[in-house]
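Structure data follow from protein-v4.cif (mmCIF, C-alpha atoms (C1' of nucleotides)):
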```
data_upload
#
loop_
_atom_site.label_atom_id
_atom_site.label_comp_id
_atom_site.auth_asym_id
_atom_site.auth_seq_id
_atom_site.Cartn_x
_atom_site.Cartn_y
_atom_site.Cartn_z
CA MET V 1495 22.00 -21.31 -27.65
CA ILE V 1496 20.07 -24.52 -27.44
CA ASP V 1497 20.95 -27.46 -25.23
CA PRO V 1498 21.43 -30.79 -26.94
CA PRO V 1499 18.43 -33.08 -26.78
CA HIS V 1500 18.37 -35.26 -23.73
CA ALA V 1501 16.66 -38.54 -23.23
CA SER V 1502 13.47 -37.55 -21.49
CA ALA V 1503 12.47 -34.87 -23.96
CA TYR V 1504 13.39 -37.27 -26.67
CA ILE V 1505 11.02 -39.92 -25.46
CA VAL V 1506 8.19 -37.46 -25.14
CA ARG V 1507 8.65 -36.26 -28.69
CA MET V 1508 8.86 -39.74 -30.07
CA ALA V 1509 5.42 -40.70 -28.86
CA ALA V 1510 3.64 -38.13 -30.99
CA HIS V 1511 5.96 -38.50 -33.88
CA HIS V 1512 5.06 -38.04 -37.54
CA HIS V 1513 7.40 -37.59 -40.40
CA HIS V 1514 7.25 -34.79 -42.89
CA GLU V 1515 10.06 -35.18 -45.34
CA HIS V 1516 10.68 -31.82 -46.89
CA ALA V 1517 12.52 -30.76 -49.97
CA GLY V 1518 13.35 -27.51 -51.72
CA ALA V 1519 11.28 -24.51 -50.75
CA SER V 1520 9.21 -26.53 -48.36
CA LEU V 1521 12.35 -27.59 -46.53
CA ALA V 1522 13.63 -24.05 -46.32
CA GLN V 1523 10.31 -22.95 -44.89
CA ALA V 1524 10.35 -25.72 -42.34
CA ALA V 1525 13.89 -24.78 -41.40
CA GLU V 1526 12.98 -21.14 -41.00
CA ALA V 1527 10.02 -22.06 -38.85
CA ALA V 1528 12.14 -24.32 -36.66
CA LEU V 1529 14.81 -21.68 -36.20
CA VAL V 1530 12.35 -18.97 -35.31
CA GLU V 1531 10.62 -21.38 -32.99
CA ALA V 1532 13.96 -21.81 -31.25
CA GLY V 1533 14.16 -18.06 -30.70
CA GLU V 1534 16.79 -17.44 -33.34
CA GLN V 1535 16.73 -15.16 -36.34
CA TRP V 1536 16.33 -16.30 -39.93
CA THR V 1537 18.78 -13.97 -41.63
CA ASP V 1538 19.82 -13.76 -45.28
CA MET V 1539 23.14 -15.34 -44.49
CA ARG V 1540 21.51 -18.22 -42.64
CA SER V 1541 19.02 -18.65 -45.40
CA ASP V 1542 21.73 -18.78 -48.04
CA ILE V 1543 23.82 -21.24 -46.09
CA PHE V 1544 20.88 -23.48 -45.47
CA ALA V 1545 19.88 -23.33 -49.11
CA VAL V 1546 23.35 -24.32 -50.25
CA LEU V 1547 23.60 -27.06 -47.68
CA ALA V 1548 20.26 -28.45 -48.77
CA THR V 1549 21.37 -28.78 -52.39
CA PHE V 1550 24.03 -31.32 -51.48
CA GLU V 1551 23.42 -35.02 -51.88
CA LYS V 1552 26.51 -35.80 -49.89
CA PRO V 1553 27.75 -34.39 -46.65
CA ALA V 1554 29.23 -30.96 -47.37
CA SER V 1555 32.29 -29.53 -45.69
CA ALA V 1556 32.18 -26.05 -44.27
CA TYR V 1557 34.65 -25.01 -46.95
CA ASP V 1558 32.48 -26.42 -49.75
CA ILE V 1559 29.63 -24.38 -48.41
CA ALA V 1560 31.76 -21.29 -47.98
CA ASP V 1561 32.80 -21.50 -51.62
CA LEU V 1562 29.30 -21.84 -52.97
CA VAL V 1563 27.82 -19.18 -50.74
CA SER V 1564 30.65 -16.88 -51.75
CA GLN V 1565 29.73 -17.40 -55.42
CA LYS V 1566 26.07 -16.92 -54.74
CA ARG V 1567 26.68 -13.64 -52.94
CA GLY V 1568 29.49 -12.43 -55.15
CA LYS V 1569 31.50 -11.75 -52.04
CA ARG V 1570 33.83 -13.90 -50.04
CA VAL V 1571 32.23 -15.59 -47.06
CA ALA V 1572 34.82 -16.89 -44.64
CA PRO V 1573 34.74 -20.47 -43.35
CA ASN V 1574 34.52 -18.99 -39.92
CA SER V 1575 31.11 -17.52 -40.59
CA VAL V 1576 29.94 -20.76 -42.08
CA TYR V 1577 31.06 -22.73 -39.05
CA ARG V 1578 29.21 -20.38 -36.74
CA ILE V 1579 26.00 -20.89 -38.60
CA LEU V 1580 26.47 -24.62 -39.06
CA ASP V 1581 26.96 -24.92 -35.32
CA LEU V 1582 23.72 -23.09 -34.82
CA PHE V 1583 21.96 -25.36 -37.29
CA VAL V 1584 23.25 -28.44 -35.55
CA ALA V 1585 22.20 -27.08 -32.17
CA THR V 1586 18.71 -26.37 -33.45
CA ASN V 1587 18.45 -29.63 -35.35
CA LEU V 1588 18.34 -28.05 -38.80
CA ALA V 1589 21.46 -29.92 -39.77
CA ARG V 1590 23.59 -32.77 -38.65
CA ARG V 1591 27.30 -33.18 -38.46
CA VAL V 1592 28.60 -36.37 -40.02
CA GLU V 1593 31.53 -37.11 -37.76
CA SER V 1594 33.19 -39.71 -39.92
CA ALA V 1595 33.25 -37.28 -42.85
CA ASN V 1596 33.98 -33.98 -41.09
CA ALA V 1597 30.99 -32.63 -42.92
CA TYR V 1598 27.41 -31.52 -42.57
CA ILE V 1599 24.09 -32.49 -44.02
CA ALA V 1600 20.70 -30.79 -43.91
CA ASN V 1601 18.06 -32.39 -41.78
CA SER V 1602 15.15 -33.20 -44.05
CA HIS V 1603 12.70 -33.07 -41.21
CA PRO V 1604 13.68 -30.27 -38.90
CA GLY V 1605 11.35 -30.03 -35.98
CA CYS V 1606 11.52 -33.73 -35.14
CA LEU V 1607 14.17 -34.79 -32.70
CA HIS V 1608 15.87 -37.93 -33.86
CA ASP V 1609 18.97 -39.97 -33.44
CA CYS V 1610 19.73 -40.50 -37.09
CA ILE V 1611 21.66 -43.38 -38.50
CA PHE V 1612 23.72 -42.31 -41.48
CA LEU V 1613 24.89 -44.63 -44.21
CA ILE V 1614 27.79 -43.14 -46.10
CA CYS V 1615 29.11 -44.70 -49.27
CA ASP V 1616 32.90 -44.90 -49.28
CA ASN V 1617 32.81 -44.88 -53.06
CA CYS V 1618 30.46 -42.11 -54.14
CA GLY V 1619 30.16 -40.29 -50.84
CA THR V 1620 26.40 -40.04 -50.80
CA ALA V 1621 24.76 -40.28 -47.45
CA THR V 1622 21.35 -41.66 -46.78
CA HIS V 1623 19.83 -41.67 -43.40
CA ILE V 1624 17.58 -44.15 -41.75
CA ASP V 1625 15.56 -43.77 -38.61
CA ASP V 1626 15.33 -46.81 -36.43
CA ASP V 1627 14.17 -45.68 -33.07
CA ALA V 1628 14.31 -49.10 -31.49
CA LEU V 1629 17.94 -49.32 -32.43
CA THR V 1630 18.97 -45.85 -31.38
CA MET V 1631 17.13 -46.18 -28.11
CA SER V 1632 19.02 -49.38 -27.48
CA VAL V 1633 22.28 -47.56 -28.03
CA ARG V 1634 21.18 -44.83 -25.65
CA ALA V 1635 20.16 -47.43 -23.11
CA ALA V 1636 23.49 -49.22 -23.37
CA ALA V 1637 25.35 -45.97 -22.78
CA GLU V 1638 23.16 -44.98 -19.88
CA HIS V 1639 23.59 -48.41 -18.38
CA ALA V 1640 27.31 -47.73 -18.40
CA GLY V 1641 26.73 -44.59 -16.36
CA PHE V 1642 26.66 -42.04 -19.14
CA ALA V 1643 24.30 -39.09 -19.07
CA GLN V 1644 23.27 -36.41 -21.55
CA VAL V 1645 23.84 -38.98 -24.17
CA ARG V 1646 24.27 -38.10 -27.83
CA PRO V 1647 24.67 -41.14 -30.07
CA VAL V 1648 26.80 -40.98 -33.20
CA ILE V 1649 25.75 -43.86 -35.41
CA GLU V 1650 27.22 -43.90 -38.87
CA VAL V 1651 27.83 -46.79 -41.16
CA ARG V 1652 30.51 -46.69 -43.82
CA GLY V 1653 30.23 -49.08 -46.73
CA LYS V 1654 29.27 -49.40 -50.36
CA CYS V 1655 25.83 -48.20 -51.34
CA ALA V 1656 23.49 -50.22 -53.54
CA ASP V 1657 24.57 -48.31 -56.67
CA CYS V 1658 28.28 -48.71 -56.04
CA GLY V 1659 27.97 -52.25 -54.64
CA MET C 1253 47.23 -55.05 -46.03
CA ILE C 1254 44.22 -56.59 -44.37
CA ASP C 1255 40.66 -56.37 -45.57
CA PRO C 1256 38.12 -54.90 -43.20
CA PRO C 1257 36.07 -57.45 -41.32
CA HIS C 1258 32.93 -58.44 -43.10
CA ALA C 1259 29.80 -59.90 -41.70
CA SER C 1260 30.27 -63.58 -42.38
CA ALA C 1261 33.75 -63.81 -40.91
CA TYR C 1262 32.50 -61.77 -38.05
CA ILE C 1263 29.77 -64.19 -37.18
CA VAL C 1264 32.15 -67.10 -37.31
CA ARG C 1265 34.52 -65.41 -34.91
CA MET C 1266 31.77 -64.48 -32.54
CA ALA C 1267 30.69 -68.04 -31.98
CA ALA C 1268 34.00 -69.06 -30.49
CA HIS C 1269 34.58 -65.78 -28.81
CA HIS C 1270 36.34 -65.25 -25.51
CA HIS C 1271 37.70 -62.03 -24.18
CA HIS C 1272 41.17 -61.54 -22.95
CA GLU C 1273 41.55 -57.99 -21.77
CA HIS C 1274 45.19 -57.13 -21.86
CA ALA C 1275 47.19 -54.37 -20.28
CA GLY C 1276 50.80 -53.24 -20.24
CA ALA C 1277 53.37 -55.78 -21.34
CA SER C 1278 50.72 -58.41 -21.91
CA LEU C 1279 48.90 -56.09 -24.29
CA ALA C 1280 52.07 -55.27 -26.19
CA GLN C 1281 52.76 -58.98 -26.56
CA ALA C 1282 49.27 -59.65 -27.79
CA ALA C 1283 49.60 -56.80 -30.26
CA GLU C 1284 52.90 -58.09 -31.54
CA ALA C 1285 51.47 -61.56 -31.95
CA ALA C 1286 48.45 -60.22 -33.83
CA LEU C 1287 50.58 -58.14 -36.16
CA VAL C 1288 52.95 -60.97 -36.95
CA GLU C 1289 49.97 -63.24 -37.44
CA ALA C 1290 48.76 -60.76 -40.05
CA GLY C 1291 52.05 -61.08 -41.89
CA GLU C 1292 53.40 -57.74 -40.81
CA GLN C 1293 56.58 -56.88 -38.99
CA TRP C 1294 56.83 -55.79 -35.38
CA THR C 1295 59.48 -53.11 -35.68
CA ASP C 1296 60.93 -50.82 -33.03
CA MET C 1297 58.99 -47.90 -34.40
CA ARG C 1298 55.73 -49.83 -34.36
CA SER C 1299 56.46 -51.09 -30.90
CA ASP C 1300 57.13 -47.57 -29.62
CA ILE C 1301 54.02 -46.17 -31.21
CA PHE C 1302 51.88 -48.93 -29.85
CA ALA C 1303 53.40 -48.52 -26.40
CA VAL C 1304 52.68 -44.81 -26.38
CA LEU C 1305 49.18 -45.30 -27.70
CA ALA C 1306 48.47 -47.87 -25.02
CA THR C 1307 49.42 -45.49 -22.22
CA PHE C 1308 46.56 -43.16 -23.08
CA GLU C 1309 43.28 -43.30 -21.22
CA LYS C 1310 41.67 -41.12 -23.78
CA PRO C 1311 41.77 -41.27 -27.53
CA ALA C 1312 45.13 -39.91 -28.66
CA SER C 1313 45.66 -37.82 -31.75
CA ALA C 1314 48.40 -38.76 -34.17
CA TYR C 1315 50.16 -35.56 -33.17
CA ASP C 1316 50.03 -36.38 -29.47
CA ILE C 1317 51.61 -39.71 -30.27
CA ALA C 1318 54.19 -38.14 -32.56
CA ASP C 1319 55.26 -35.80 -29.76
CA LEU C 1320 55.64 -38.52 -27.16
CA VAL C 1321 57.39 -40.92 -29.48
CA SER C 1322 59.73 -38.12 -30.49
CA GLN C 1323 60.62 -37.58 -26.83
CA LYS C 1324 61.02 -41.25 -26.19
CA ARG C 1325 63.42 -41.64 -29.11
CA GLY C 1326 65.16 -38.31 -28.69
CA LYS C 1327 64.56 -37.65 -32.35
CA ARG C 1328 61.72 -36.07 -34.20
CA VAL C 1329 59.13 -38.49 -35.52
CA ALA C 1330 56.87 -36.88 -38.08
CA PRO C 1331 53.09 -37.16 -37.81
CA ASN C 1332 53.20 -38.65 -41.23
CA SER C 1333 55.03 -41.71 -40.01
CA VAL C 1334 52.66 -42.03 -37.11
CA TYR C 1335 49.67 -41.98 -39.44
CA ARG C 1336 51.14 -44.72 -41.55
CA ILE C 1337 51.54 -46.96 -38.59
CA LEU C 1338 48.21 -46.05 -37.04
CA ASP C 1339 46.55 -46.94 -40.33
CA LEU C 1340 48.27 -50.28 -40.20
CA PHE C 1341 47.14 -50.80 -36.62
CA VAL C 1342 43.57 -50.00 -37.52
CA ALA C 1343 43.69 -52.32 -40.51
CA THR C 1344 45.00 -55.13 -38.35
CA ASN C 1345 42.66 -54.40 -35.48
CA LEU C 1346 45.36 -53.38 -33.02
CA ALA C 1347 43.81 -49.97 -32.69
CA ARG C 1348 40.62 -48.14 -33.45
CA ARG C 1349 39.98 -44.76 -34.84
CA VAL C 1350 37.49 -42.71 -32.86
CA GLU C 1351 35.83 -40.74 -35.62
CA SER C 1352 34.09 -38.22 -33.45
CA ALA C 1353 37.40 -37.30 -31.81
CA ASN C 1354 39.78 -37.56 -34.75
CA ALA C 1355 41.87 -39.77 -32.56
CA TYR C 1356 43.00 -43.31 -31.92
CA ILE C 1357 42.80 -45.78 -29.11
CA ALA C 1358 44.53 -49.09 -28.55
CA ASN C 1359 42.41 -52.18 -28.83
CA SER C 1360 42.64 -53.96 -25.50
CA HIS C 1361 41.86 -57.29 -27.07
CA PRO C 1362 43.57 -57.46 -30.42
CA GLY C 1363 42.85 -60.70 -32.16
CA CYS C 1364 39.10 -60.51 -31.67
CA LEU C 1365 37.10 -58.87 -34.38
CA HIS C 1366 34.48 -56.58 -32.97
CA ASP C 1367 32.27 -53.69 -33.80
CA CYS C 1368 33.05 -51.64 -30.74
CA ILE C 1369 30.76 -49.07 -29.22
CA PHE C 1370 32.73 -46.20 -27.76
CA LEU C 1371 31.49 -43.96 -25.01
CA ILE C 1372 33.39 -40.70 -24.97
CA CYS C 1373 33.01 -38.22 -22.15
CA ASP C 1374 32.62 -34.68 -23.42
CA ASN C 1375 33.99 -33.42 -20.13
CA CYS C 1376 37.08 -35.46 -19.34
CA GLY C 1377 37.61 -37.03 -22.73
CA THR C 1378 38.03 -40.57 -21.50
CA ALA C 1379 36.72 -43.29 -23.71
CA THR C 1380 35.35 -46.57 -22.56
CA HIS C 1381 34.20 -49.19 -24.90
CA ILE C 1382 31.41 -51.66 -24.65
CA ASP C 1383 30.73 -54.69 -26.75
CA ASP C 1384 27.13 -55.40 -27.50
CA ASP C 1385 27.04 -57.78 -30.38
CA ALA C 1386 23.28 -57.92 -30.62
CA LEU C 1387 23.22 -54.17 -31.05
CA THR C 1388 26.04 -53.90 -33.53
CA MET C 1389 24.66 -56.74 -35.58
CA SER C 1390 21.34 -54.92 -35.70
CA VAL C 1391 23.07 -51.85 -37.04
CA ARG C 1392 24.84 -53.95 -39.65
CA ALA C 1393 21.56 -55.57 -40.57
CA ALA C 1394 19.80 -52.22 -40.91
CA ALA C 1395 22.52 -50.96 -43.23
CA GLU C 1396 22.51 -54.12 -45.30
CA HIS C 1397 18.75 -53.95 -45.53
CA ALA C 1398 19.20 -50.51 -47.09
CA GLY C 1399 21.41 -52.05 -49.76
CA PHE C 1400 24.79 -51.35 -48.23
CA ALA C 1401 27.62 -53.82 -48.49
CA GLN C 1402 31.05 -54.18 -46.91
CA VAL C 1403 29.59 -52.49 -43.95
CA ARG C 1404 31.70 -50.89 -41.25
CA PRO C 1405 29.66 -49.47 -38.39
CA VAL C 1406 30.84 -46.42 -36.50
CA ILE C 1407 29.01 -46.34 -33.22
CA GLU C 1408 30.12 -43.77 -30.72
CA VAL C 1409 28.23 -42.11 -27.94
CA ARG C 1410 29.14 -38.68 -26.64
CA GLY C 1411 27.96 -37.71 -23.20
CA LYS C 1412 29.02 -37.29 -19.60
CA CYS C 1413 30.67 -40.25 -17.94
CA ALA C 1414 29.69 -41.47 -14.50
CA ASP C 1415 32.52 -39.51 -12.86
CA CYS C 1416 31.72 -36.23 -14.59
CA GLY C 1417 27.95 -36.69 -14.45
"C1'" DT H 398 21.72 9.82 -27.94
"C1'" DT H 399 24.00 6.31 -26.40
"C1'" DA H 400 24.69 1.72 -24.44
"C1'" DA H 401 24.00 -3.04 -25.24
"C1'" DC H 402 23.48 -6.84 -28.07
"C1'" DG H 403 23.45 -9.99 -31.83
"C1'" DA H 404 25.11 -11.08 -36.44
"C1'" DT H 405 28.64 -10.92 -39.54
"C1'" DG H 406 33.44 -9.61 -41.33
"C1'" DT H 407 38.57 -10.00 -41.20
"C1'" DA H 408 42.86 -11.93 -40.18
"C1'" DA H 409 45.59 -14.98 -38.20
"C1'" DT H 410 46.57 -19.30 -36.48
"C1'" DG H 411 46.05 -24.03 -34.92
"C1'" DT H 412 44.97 -28.84 -35.88
"C1'" DT H 413 44.38 -32.85 -38.66
"C1'" DG H 414 45.52 -35.51 -42.75
"C1'" DT H 415 47.84 -36.70 -47.34
"C1'" DA H 416 51.05 -36.77 -51.31
"C1'" DA H 417 55.32 -37.30 -53.36
"C1'" DC H 418 59.61 -38.68 -53.22
"C1'" DG H 419 64.13 -40.11 -51.04
"C1'" DT H 420 67.09 -43.14 -48.13
"C1'" DG H 421 68.67 -47.16 -45.78
"C1'" DC H 422 68.47 -51.88 -44.99
"C1'" DA H 423 67.38 -56.80 -45.40
"C1'" DT H 424 66.69 -60.56 -48.53
"C1'" DC H 425 67.41 -63.31 -52.44
"C1'" DG H 426 68.65 -65.22 -56.80
"C1'" DA H 427 72.27 -64.92 -60.47
"C1'" DT T 1200 79.66 -61.06 -54.26
"C1'" DC T 1201 76.60 -58.18 -56.45
"C1'" DG T 1202 72.77 -55.95 -58.02
"C1'" DA T 1203 67.53 -56.11 -57.94
"C1'" DT T 1204 63.64 -55.96 -55.17
"C1'" DG T 1205 60.62 -54.73 -51.49
"C1'" DC T 1206 59.61 -52.72 -47.21
"C1'" DA T 1207 60.03 -49.40 -43.39
"C1'" DC T 1208 60.87 -45.03 -42.41
"C1'" DG T 1209 62.34 -39.98 -43.20
"C1'" DT T 1210 61.51 -35.31 -45.17
"C1'" DT T 1211 59.10 -31.74 -47.16
"C1'" DA T 1212 55.36 -29.61 -48.71
"C1'" DC T 1213 50.74 -28.90 -48.87
"C1'" DA T 1214 45.63 -29.62 -48.45
"C1'" DA T 1215 41.66 -29.81 -45.54
"C1'" DC T 1216 39.33 -28.80 -41.36
"C1'" DA T 1217 38.52 -25.73 -37.34
"C1'" DT T 1218 39.07 -21.99 -33.90
"C1'" DT T 1219 40.37 -17.56 -31.80
"C1'" DA T 1220 40.40 -12.68 -31.21
"C1'" DC T 1221 38.86 -8.67 -32.41
"C1'" DA T 1222 36.40 -5.18 -35.57
"C1'" DT T 1223 32.17 -3.42 -37.73
"C1'" DC T 1224 27.41 -2.63 -38.40
"C1'" DG T 1225 22.57 -2.32 -37.55
"C1'" DT T 1226 18.77 -2.80 -34.31
"C1'" DT T 1227 16.75 -2.21 -29.95
"C1'" DA T 1228 16.09 -0.29 -25.26
"C1'" DA T 1229 17.20 2.92 -21.63
#
```

Write-out of the structure in structure tokens:
Amino acid sequence: MIDPPHASAYIVRMAAHHHHEHAGASLAQAAEAALVEAGEQWTDMRSDIFAVLATFEKPASAYDIADLVSQKRGKRVAPNSVYRILDLFVATNLARRVESANAYIANSHPGCLHDCIFLICDNCGTATHIDDDALTMSVRAAAEHAGFAQVRPVIEVRGKCADCG
Amino acid sequence: MIDPPHASAYIVRMAAHHHHEHAGASLAQAAEAALVEAGEQWTDMRSDIFAVLATFEKPASAYDIADLVSQKRGKRVAPNSVYRILDLFVATNLARRVESANAYIANSHPGCLHDCIFLICDNCGTATHIDDDALTMSVRAAAEHAGFAQVRPVIEVRGKCADCG
DNA sequence: TTAACGATGTAATGTTGTAACGTGCATCGA
DNA sequence: TCGATGCACGTTACAACATTACATCGTTAA
């Protein structure tokens, strides 16, 4: 199991940072690479769950995923198994948990450590994410100033998206 | 029912802003005043629920509150009823929902509109809150820049508090 | 071969949240 | 005074989210 990112490693990674937004097969490949890199196995089950997760526009609940993976495999996959793997994905930065939606979303650039800012539309449910390192570092700094350590920011913004405005 | 705060009203309130941190009876009074001000009633049930909520150091789940209020009244109070009133409290800014904990916390300065930043200790569960208006306004601005409207930031930081460090 | 381990399966249960509808009570105008 | 209205709260049922404990299976290493 992987430790959550902590500030110093974070800063180091940021300096050399480039974005590769992935999609489809490319994303799955990147995810596989990242998982293997982390010393974990890329199994069929994990592959299927990642694939399903990646098809969602909106944050997907573990049960949503369980249903679709069950269909795909023609055999019931219990939520339990899905949670296990989602936890692994979150720990290895392949996916993110959206706290305000009790749901998960694939990370479109696994391999880069980021504090993401999620924008979730209260109307249509779609989530977009923005990266604003100055902002997230400020949040980290504020928390650390208050004596917090091993900081993990949760920055989500609920509202109406441009389409639903 | 009260609309969520929106940016323009927010800015207006900020300009004239002073903090009055309340505790105990003073807090209950302030809460009552704020609720009445909002055109809502301060009933026994609401008073009890607020009182129980305010005794918690850490974010309290609706079920925690239901249990304690049930004891206090010597009669079962269903979670359902607690949710209704918590929703009202959140809408009127008497309490906040901590999304990453599925729990609620009393607002120690009802009457001021704020985007709070919560720091929640993963070890002991206590939540402290900090107000950093520059930061929260930046988050609002980032979301609005991405086309979002009626923005409601959720900014929480998980980590280890100074005591548990 | 067998022990150990990691991944997944199965079943049960616990926690959090909502929906639908009923009851009691205060207020208010006819 | 009486019924209509509206609000707070109660009750029940259920939906959605999450975890626990233990079993099974295949691979690897002694």

**Message:** Taking (45.3, -18.7, -34.4) as a centre in this file's frame and 12 Å as the limit, can you find every polymer residue with an atom that close, using all atoms listed in the file, and give them as a list in words?
**Reply:**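 Checking each residue against the 12 Å limit leaves DA408, DA409, DT410, DG411 and DT412 of chain H; DA1217, DT1218, DT1219 and DA1220 of chain T.
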
**Message:** At a cut-off of 12 Å, which residues of chain C touch chain V? Count all atoms listed in the file and give the answer as number ranges by chain.
**Reply:** C: 1256-1259, 1349-1355, 1367-1375, 1378-1417

**Asked** Mind telling me what the PyMOL selection byres ((chain H) within 10 of (chain V)) catches here, as a list in words?
**Response**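 Selected by the PyMOL selection byres ((chain H) within 10 of (chain V)) here: DG403, DA404, DT405, DG406 and DT407 of chain H.
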
Hey, could you make a per-residue contact list for chain V against chain T with 9 Å as the cut-off, showing the nearest pair of atoms and its distance in Å to one decimal, counting all atoms listed in the file, sorted by chain and number, as a Markdown table?
```
| residue | atom | partner | partner_atom | distance |
| --- | --- | --- | --- | --- |
| V:Ser1555 | CA | T:DC1216 | C1' | 8.3 |
| V:Ala1556 | CA | T:DC1216 | C1' | 8.2 |
| V:Tyr1557 | CA | T:DC1216 | C1' | 8.2 |
| V:Pro1573 | CA | T:DA1217 | C1' | 8.8 |
| V:Asn1574 | CA | T:DT1218 | C1' | 8.1 |
| V:Tyr1577 | CA | T:DA1217 | C1' | 8.2 |
| V:Asn1596 | CA | T:DC1216 | C1' | 7.5 |
```

**Prompt:** Distance CA of His1274 (chain C)-CA of His1361 (chain C), one decimal place?
**Reply:**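 Answer for the CA of His1274 (chain C) to CA of His1361 (chain C) separation: 6.2 Å.
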
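Distance-wise, CA of Ala1528 (chain V) and CA of Ile1559 (chain V) end up 21.1 Å apart.
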
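CA of Gly1605 (chain V) lies 19.5 Å from CA of Asp1542 (chain V).
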
**Item:** Test item: the PyMOL selection byres ((chain V and resi 1532-1534) around 12) resolved as a ChimeraX atom specification
**Value:** /V:1495-1497,1525-1531,1535-1537,1540,1579,1582-1583,1585-1588,1604-1605 /H:403-404

Expected axis-aligned box over every listed atom of region 1209-1214 of chain T, 8 Å added per side, centre plus edges in Å to one decimal, as lines of an AutoDock Vina configuration file:
```
center_x = 54.0
center_y = -34.4
center_z = -46.0
size_x = 32.7
size_y = 27.1
size_z = 21.7
```

Report as a tab-separated table (two decimals) with C-alpha atoms, in the frame of the given file all protein, DNA and RNA residues lying within 9 Å of Leu1562 (chain V), evaluated on only C-alpha atoms (C1' of nucleotides), omitting residues in the same chain fewer than 4 positions from it.
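Final file, out.tsv:
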```tsv
chain	number	residue	atom	x	y	z
V	1543	ILE	CA	23.82	-21.24	-46.09
V	1546	VAL	CA	23.35	-24.32	-50.25
V	1557	TYR	CA	34.65	-25.01	-46.95
V	1558	ASP	CA	32.48	-26.42	-49.75
V	1566	LYS	CA	26.07	-16.92	-54.74
V	1567	ARG	CA	26.68	-13.64	-52.94
```
